[in-house]
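The next block is start32.json, given as JSON, C-alpha atoms.
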[["chain", "number", "residue", "atom", "x", "y", "z"],
["A", 1, "MET", "CA", 138.74, 1.45, 25.15],
["A", 2, "ASN", "CA", 135.04, 2.10, 24.53],
["A", 3, "ARG", "CA", 134.81, -1.09, 22.48],
["A", 4, "ALA", "CA", 136.11, -3.07, 25.45],
["A", 5, "ARG", "CA", 133.54, -1.40, 27.71],
["A", 6, "VAL", "CA", 130.74, -2.32, 25.31],
["A", 7, "LEU", "CA", 131.87, -5.95, 25.10],
["A", 8, "GLN", "CA", 132.25, -6.14, 28.88],
["A", 9, "ALA", "CA", 128.72, -4.75, 29.37],
["A", 10, "LEU", "CA", 127.32, -7.41, 27.03],
["A", 11, "TYR", "CA", 129.23, -10.18, 28.82],
["A", 12, "ASP", "CA", 128.13, -8.90, 32.24],
["A", 13, "VAL", "CA", 124.49, -8.09, 31.55],
["A", 14, "GLY", "CA", 123.43, -9.97, 28.43],
["A", 15, "PRO", "CA", 121.73, -8.75, 25.27],
["A", 16, "LEU", "CA", 121.33, -4.96, 25.32],
["A", 17, "SER", "CA", 119.97, -2.27, 23.04],
["A", 18, "ARG", "CA", 122.19, 0.53, 21.83],
["A", 19, "ALA", "CA", 120.43, 2.91, 24.21],
["A", 20, "ASP", "CA", 121.06, 0.57, 27.15],
["A", 21, "LEU", "CA", 124.71, 0.23, 26.15],
["A", 22, "ALA", "CA", 125.04, 4.01, 26.00],
["A", 23, "ARG", "CA", 123.59, 4.35, 29.50],
["A", 24, "LEU", "CA", 125.70, 1.57, 31.02],
["A", 25, "THR", "CA", 128.99, 2.63, 29.44],
["A", 26, "GLU", "CA", 128.31, 6.38, 29.76],
["A", 27, "VAL", "CA", 129.09, 6.83, 26.07],
["A", 28, "SER", "CA", 126.92, 8.75, 23.59],
["A", 29, "ARG", "CA", 124.51, 6.83, 21.40],
["A", 30, "ALA", "CA", 126.35, 8.09, 18.31],
["A", 31, "THR", "CA", 129.60, 6.65, 19.66],
["A", 32, "ILE", "CA", 127.86, 3.37, 20.48],
["A", 33, "GLY", "CA", 126.65, 3.21, 16.88],
["A", 34, "SER", "CA", 130.18, 3.75, 15.56],
["A", 35, "ILE", "CA", 131.49, 1.05, 17.92],
["A", 36, "VAL", "CA", 128.89, -1.66, 17.32],
["A", 37, "GLN", "CA", 128.31, -1.31, 13.57],
["A", 38, "PRO", "CA", 131.76, -2.64, 12.58],
["A", 39, "MET", "CA", 131.26, -5.52, 15.02],
["A", 40, "ILE", "CA", 127.91, -6.30, 13.38],
["A", 41, "ASP", "CA", 129.51, -6.07, 9.92],
["A", 42, "SER", "CA", 132.27, -8.50, 10.96],
["A", 43, "GLU", "CA", 129.66, -10.86, 12.51],
["A", 44, "MET", "CA", 131.03, -10.53, 16.04],
["A", 45, "LEU", "CA", 127.67, -9.11, 17.15],
["A", 46, "ALA", "CA", 124.18, -9.71, 15.83],
["A", 47, "GLU", "CA", 120.95, -7.79, 16.26],
["A", 48, "GLY", "CA", 118.02, -9.57, 17.83],
["A", 49, "ASP", "CA", 114.35, -9.20, 16.92],
["A", 50, "PRO", "CA", 112.83, -5.75, 17.51],
["A", 51, "GLN", "CA", 111.43, -5.31, 21.01],
["A", 52, "PRO", "CA", 108.02, -3.68, 21.55],
["A", 53, "SER", "CA", 108.11, 0.11, 21.85],
["A", 54, "SER", "CA", 107.50, 1.70, 25.21],
["A", 55, "ALA", "CA", 104.20, 3.45, 26.01],
["A", 56, "ALA", "CA", 105.89, 6.70, 24.99],
["A", 57, "GLY", "CA", 106.34, 5.27, 21.47],
["A", 58, "GLY", "CA", 109.50, 5.55, 19.41],
["A", 59, "LYS", "CA", 111.53, 3.19, 17.34],
["A", 60, "PRO", "CA", 111.62, -0.41, 18.66],
["A", 61, "SER", "CA", 114.98, -1.38, 20.13],
["A", 62, "ARG", "CA", 116.97, -4.29, 18.77],
["A", 63, "PRO", "CA", 119.09, -6.00, 21.40],
["A", 64, "LEU", "CA", 122.68, -6.80, 20.48],
["A", 65, "TRP", "CA", 124.35, -10.06, 21.40],
["A", 66, "PHE", "CA", 127.30, -12.16, 20.29],
["A", 67, "SER", "CA", 126.77, -13.70, 16.88],
["A", 68, "PRO", "CA", 126.73, -17.49, 16.59],
["A", 69, "ASN", "CA", 128.72, -16.93, 13.36],
["A", 70, "SER", "CA", 131.50, -14.95, 15.04],
["A", 71, "PRO", "CA", 135.09, -15.97, 14.40],
["A", 72, "PRO", "CA", 136.34, -18.17, 17.25],
["A", 73, "ILE", "CA", 138.74, -16.96, 19.92],
["A", 74, "ALA", "CA", 141.76, -19.11, 20.79],
["A", 75, "ALA", "CA", 142.34, -19.88, 24.46],
["A", 76, "VAL", "CA", 145.58, -21.35, 25.80],
["A", 77, "HIS", "CA", 146.18, -22.82, 29.27],
["A", 78, "LEU", "CA", 149.90, -23.45, 29.66],
["A", 79, "LEU", "CA", 150.98, -25.73, 32.51],
["A", 80, "PRO", "CA", 154.21, -27.54, 33.39],
["A", 81, "GLY", "CA", 154.37, -30.52, 31.08],
["A", 82, "HIS", "CA", 151.28, -29.83, 28.98],
["A", 83, "VAL", "CA", 149.17, -27.25, 27.24],
["A", 84, "GLU", "CA", 145.40, -27.21, 26.84],
["A", 85, "THR", "CA", 143.81, -25.16, 24.06],
["A", 86, "ALA", "CA", 140.28, -24.36, 23.01],
["A", 87, "LEU", "CA", 138.41, -22.45, 20.36],
["A", 88, "VAL", "CA", 135.65, -20.43, 21.98],
["A", 89, "SER", "CA", 132.80, -18.53, 20.36],
["A", 90, "ALA", "CA", 132.44, -14.82, 21.18],
["A", 91, "GLY", "CA", 129.47, -15.77, 23.34],
["A", 92, "GLY", "CA", 131.60, -18.14, 25.41],
["A", 93, "THR", "CA", 130.66, -21.53, 23.97],
["A", 94, "ILE", "CA", 133.60, -23.95, 23.82],
["A", 95, "LEU", "CA", 133.73, -25.24, 20.27],
["A", 96, "THR", "CA", 136.75, -27.57, 20.37],
["A", 97, "THR", "CA", 139.59, -28.49, 22.71],
["A", 98, "ALA", "CA", 142.99, -30.13, 22.41],
["A", 99, "ARG", "CA", 145.90, -31.08, 24.65],
["A", 100, "ARG", "CA", 149.61, -31.59, 23.98],
["A", 101, "GLU", "CA", 152.36, -32.71, 26.31],
["A", 102, "TYR", "CA", 156.02, -31.75, 26.53],
["A", 103, "PRO", "CA", 158.73, -32.52, 29.13],
["A", 104, "ALA", "CA", 157.83, -30.60, 32.29],
["A", 105, "ASP", "CA", 161.47, -29.84, 33.06],
["A", 106, "THR", "CA", 162.36, -28.59, 29.56],
["A", 107, "HIS", "CA", 164.25, -25.36, 29.03],
["A", 108, "ASP", "CA", 163.69, -25.62, 25.27],
["A", 109, "THR", "CA", 161.09, -22.95, 24.54],
["A", 110, "GLY", "CA", 160.81, -24.32, 21.01],
["A", 111, "LEU", "CA", 159.26, -27.54, 22.36],
["A", 112, "VAL", "CA", 156.71, -25.54, 24.32],
["A", 113, "VAL", "CA", 155.87, -23.28, 21.38],
["A", 114, "ASP", "CA", 155.51, -26.32, 19.11],
["A", 115, "ALA", "CA", 153.16, -27.98, 21.63],
["A", 116, "VAL", "CA", 151.01, -24.83, 21.77],
["A", 117, "ALA", "CA", 150.95, -24.51, 17.97],
["A", 118, "ASP", "CA", 150.11, -28.21, 17.49],
["A", 119, "ALA", "CA", 147.30, -28.05, 20.02],
["A", 120, "LEU", "CA", 145.88, -24.91, 18.42],
["A", 121, "ASP", "CA", 146.08, -26.53, 14.98],
["A", 122, "GLU", "CA", 144.04, -29.46, 16.30],
["A", 123, "SER", "CA", 141.48, -27.20, 18.02]]

Render the structure in this file as structure tokens.
Amino acid sequence: MNRARVLQALYDVGPLSRADLARLTEVSRATIGSIVQPMIDSEMLAEGDPQPSSAAGGKPSRPLWFSPNSPPIAAVHLLPGHVETALVSAGGTILTTARREYPADTHDTGLVVDAVADALDES
């Protein structure tokens, strides 16, 4: 659940430091670290360049954002008679799209599933 809150905060606000994520999600910084490190390791998130320290000093923050190398997410829009698919980066960039048609009045779920699978294969 905390992972979803972290991802939602990044989508809503933009690149954020671990400290900012902890404040926004009301989760401890240690928990934030345990949530974001696996996402960095899997290339879903990437750390930005260090930001200047505040006047009080301290370690420079490194904003986190969605990695351009993240594995794509499949999106499916199923409508009567056709399906539209896309591969989308974690940051929301549409990478590819495809469309397949099937009879709008079909009761054969296999035809619909095949259309979805074919469109995803093309995407």

- Nearby residues (only C-alpha atoms) at most 10 Å from region 27-41 of chain A, same-chain spacing under 3 positions excluded, as a PyMOL selection string: chain A and resi 2-7+18-24+44-47+64-67+70

- Long-range neighbours of region 75-87 of chain A as a list in words, 9 Å cut-off, all atoms listed in the file, 3 positions minimum in chain: Pro72, Thr93, Ile94, Leu95, Thr96, Thr97, Ala98, Arg99, Arg100, Glu101, Tyr102, Pro103, Ala104, Asp105, Thr106, Val112, Ala115, Val116, Ala119, Leu120, Glu122 and Ser123 of chain A

Written file, previous selection with C-alpha atoms, as a PDB file, keeping the file's coordinate frame:
ATOM      1  CA  PRO A  72     136.340 -18.170  17.250  1.00  0.00           C
ATOM      2  CA  THR A  93     130.660 -21.530  23.970  1.00  0.00           C
ATOM      3  CA  ILE A  94     133.600 -23.950  23.820  1.00  0.00           C
ATOM      4  CA  LEU A  95     133.730 -25.240  20.270  1.00  0.00           C
ATOM      5  CA  THR A  96     136.750 -27.570  20.370  1.00  0.00           C
ATOM      6  CA  THR A  97     139.590 -28.490  22.710  1.00  0.00           C
ATOM      7  CA  ALA A  98     142.990 -30.130  22.410  1.00  0.00           C
ATOM      8  CA  ARG A  99     145.900 -31.080  24.650  1.00  0.00           C
ATOM      9  CA  ARG A 100     149.610 -31.590  23.980  1.00  0.00           C
ATOM     10  CA  GLU A 101     152.360 -32.710  26.310  1.00  0.00           C
ATOM     11  CA  TYR A 102     156.020 -31.750  26.530  1.00  0.00           C
ATOM     12  CA  PRO A 103     158.730 -32.520  29.130  1.00  0.00           C
ATOM     13  CA  ALA A 104     157.830 -30.600  32.290  1.00  0.00           C
ATOM     14  CA  ASP A 105     161.470 -29.840  33.060  1.00  0.00           C
ATOM     15  CA  THR A 106     162.360 -28.590  29.560  1.00  0.00           C
ATOM     16  CA  VAL A 112     156.710 -25.540  24.320  1.00  0.00           C
ATOM     17  CA  ALA A 115     153.160 -27.980  21.630  1.00  0.00           C
ATOM     18  CA  VAL A 116     151.010 -24.830  21.770  1.00  0.00           C
ATOM     19  CA  ALA A 119     147.300 -28.050  20.020  1.00  0.00           C
ATOM     20  CA  LEU A 120     145.880 -24.910  18.420  1.00  0.00           C
ATOM     21  CA  GLU A 122     144.040 -29.460  16.300  1.00  0.00           C
ATOM     22  CA  SER A 123     141.480 -27.200  18.020  1.00  0.00           C
TER      23      SER A 123
END

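In this comparison, which uses all atoms listed in the file, the residue of A:Ser42, A:Ser89, A:Gln51, A:Thr109 approaching Leu16 (chain A) most closely is A:Gln51.
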
- Which residue out of A:Pro63, A:Asp121, A:Glu43, A:Pro52 has the minimum interatomic distance to Val13 (chain A) when all atoms listed in the file are used? A:Pro63

- Enter the distance from CA of Ala90 (chain A) to CA of Leu10 (chain A), in Å, rounded to one decimal.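 Computed distance, CA of Ala90 (chain A) to CA of Leu10 (chain A), equals 10.7 Å.
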
Saved chain A from the preceding structure, C-alpha atoms, as a short mmCIF file (atom, residue, chain, number, x, y, z; two decimals), in the first residue's frame:
data_model
loop_
_atom_site.label_atom_id
_atom_site.label_comp_id
_atom_site.auth_asym_id
_atom_site.auth_seq_id
_atom_site.Cartn_x
_atom_site.Cartn_y
_atom_site.Cartn_z
CA MET A 1 0.00 0.00 0.00
CA ASN A 2 2.85 2.39 0.83
CA ARG A 3 4.44 1.68 -2.55
CA ALA A 4 1.22 2.78 -4.27
CA ARG A 5 1.18 5.97 -2.18
CA VAL A 6 4.77 6.74 -3.18
CA LEU A 7 4.05 6.18 -6.88
CA GLN A 8 0.88 8.28 -6.66
CA ALA A 9 2.80 11.14 -5.00
CA LEU A 10 5.38 11.07 -7.80
CA TYR A 11 2.65 11.06 -10.47
CA ASP A 12 0.77 13.89 -8.74
CA VAL A 13 3.65 16.17 -7.78
CA GLY A 14 6.63 15.27 -9.92
CA PRO A 15 10.22 14.46 -8.95
CA LEU A 16 10.59 14.33 -5.16
CA SER A 17 13.34 13.62 -2.66
CA ARG A 18 13.00 10.80 -0.17
CA ALA A 19 12.37 13.36 2.58
CA ASP A 20 9.60 15.00 0.55
CA LEU A 21 8.05 11.60 -0.15
CA ALA A 22 8.12 10.79 3.56
CA ARG A 23 6.35 14.05 4.39
CA LEU A 24 3.72 13.71 1.66
CA THR A 25 2.90 10.06 2.31
CA GLU A 26 3.26 10.32 6.11
CA VAL A 27 5.64 7.35 6.09
CA SER A 28 9.01 7.24 7.86
CA ARG A 29 12.14 7.97 5.87
CA ALA A 30 13.42 4.47 6.65
CA THR A 31 10.26 2.99 5.16
CA ILE A 32 10.58 5.25 2.11
CA GLY A 33 14.12 3.95 1.63
CA SER A 34 12.93 0.33 1.78
CA ILE A 35 10.15 1.13 -0.72
CA VAL A 36 12.14 3.10 -3.30
CA GLN A 37 15.43 1.16 -3.33
CA PRO A 38 13.95 -1.96 -4.99
CA MET A 39 12.25 0.31 -7.55
CA ILE A 40 15.60 1.96 -8.27
CA ASP A 41 17.28 -1.46 -8.54
CA SER A 42 14.61 -2.64 -11.02
CA GLU A 43 14.96 0.63 -13.01
CA MET A 44 11.38 1.73 -12.38
CA LEU A 45 12.71 4.85 -10.62
CA ALA A 46 15.92 6.78 -11.13
CA GLU A 47 17.71 9.31 -8.96
CA GLY A 48 18.27 12.77 -10.35
CA ASP A 49 21.31 14.99 -9.85
CA PRO A 50 21.98 16.11 -6.26
CA GLN A 51 20.18 19.32 -5.33
CA PRO A 52 22.00 22.08 -3.42
CA SER A 53 21.87 21.74 0.36
CA SER A 54 19.73 24.11 2.36
CA ALA A 55 21.28 26.94 4.40
CA ALA A 56 21.15 24.60 7.39
CA GLY A 57 23.51 22.23 5.55
CA GLY A 58 23.12 18.47 5.39
CA LYS A 59 23.34 15.90 2.68
CA PRO A 60 22.09 17.10 -0.75
CA SER A 61 18.79 15.54 -1.77
CA ARG A 62 18.45 13.52 -4.95
CA PRO A 63 15.00 13.73 -6.49
CA LEU A 64 13.40 10.49 -7.62
CA TRP A 65 11.49 10.18 -10.86
CA PHE A 66 10.39 7.47 -13.26
CA SER A 67 13.29 5.94 -15.14
CA PRO A 68 13.36 6.25 -18.93
CA ASN A 69 14.63 2.63 -18.87
CA SER A 70 11.66 1.30 -16.91
CA PRO A 71 9.84 -1.75 -18.23
CA PRO A 72 6.74 -0.66 -20.17
CA ILE A 73 3.22 -0.99 -18.83
CA ALA A 74 0.53 -2.52 -21.08
CA ALA A 75 -2.71 -0.58 -21.46
CA VAL A 76 -5.86 -2.06 -22.99
CA HIS A 77 -8.99 -0.18 -24.09
CA LEU A 78 -11.67 -2.72 -24.92
CA LEU A 79 -14.66 -1.49 -26.93
CA PRO A 80 -17.47 -3.22 -28.84
CA GLY A 81 -15.91 -4.41 -32.08
CA HIS A 82 -12.30 -3.42 -31.41
CA VAL A 83 -9.51 -3.20 -28.91
CA GLU A 84 -6.81 -0.54 -28.67
CA THR A 85 -3.56 -1.31 -26.84
CA ALA A 86 -0.48 0.66 -25.93
CA LEU A 87 2.84 0.21 -24.21
CA VAL A 88 3.42 3.11 -21.84
CA SER A 89 6.56 4.06 -19.94
CA ALA A 90 6.32 4.38 -16.15
CA GLY A 91 6.49 8.14 -16.65
CA GLY A 92 3.43 8.09 -18.90
CA THR A 93 4.99 8.33 -22.37
CA ILE A 94 3.13 6.27 -24.98
CA LEU A 95 5.74 4.11 -26.67
CA THR A 96 3.65 2.13 -29.17
CA THR A 97 0.00 1.52 -30.01
CA ALA A 98 -1.99 -1.09 -31.89
CA ARG A 99 -5.61 -1.83 -32.78
CA ARG A 100 -7.46 -5.04 -33.62
CA GLU A 101 -11.06 -5.57 -34.64
CA TYR A 102 -13.50 -8.37 -33.92
CA PRO A 103 -17.25 -8.75 -34.56
CA ALA A 104 -19.04 -6.31 -32.25
CA ASP A 105 -21.90 -8.74 -31.65
CA THR A 106 -19.71 -11.76 -30.87
CA HIS A 107 -20.35 -13.95 -27.85
CA ASP A 108 -17.11 -15.83 -28.49
CA THR A 109 -14.77 -14.61 -25.75
CA GLY A 110 -11.93 -16.43 -27.49
CA LEU A 111 -12.14 -14.00 -30.42
CA VAL A 112 -11.95 -11.05 -28.05
CA VAL A 113 -9.04 -12.52 -26.09
CA ASP A 114 -7.19 -13.29 -29.34
CA ALA A 115 -7.73 -9.69 -30.54
CA VAL A 116 -6.34 -8.34 -27.25
CA ALA A 117 -3.35 -10.70 -27.36
CA ASP A 118 -2.61 -9.90 -31.03
CA ALA A 119 -2.78 -6.17 -30.39
CA LEU A 120 -0.50 -6.46 -27.36
CA ASP A 121 1.95 -8.56 -29.38
CA GLU A 122 2.09 -5.80 -31.99
CA SER A 123 2.49 -3.04 -29.39
#
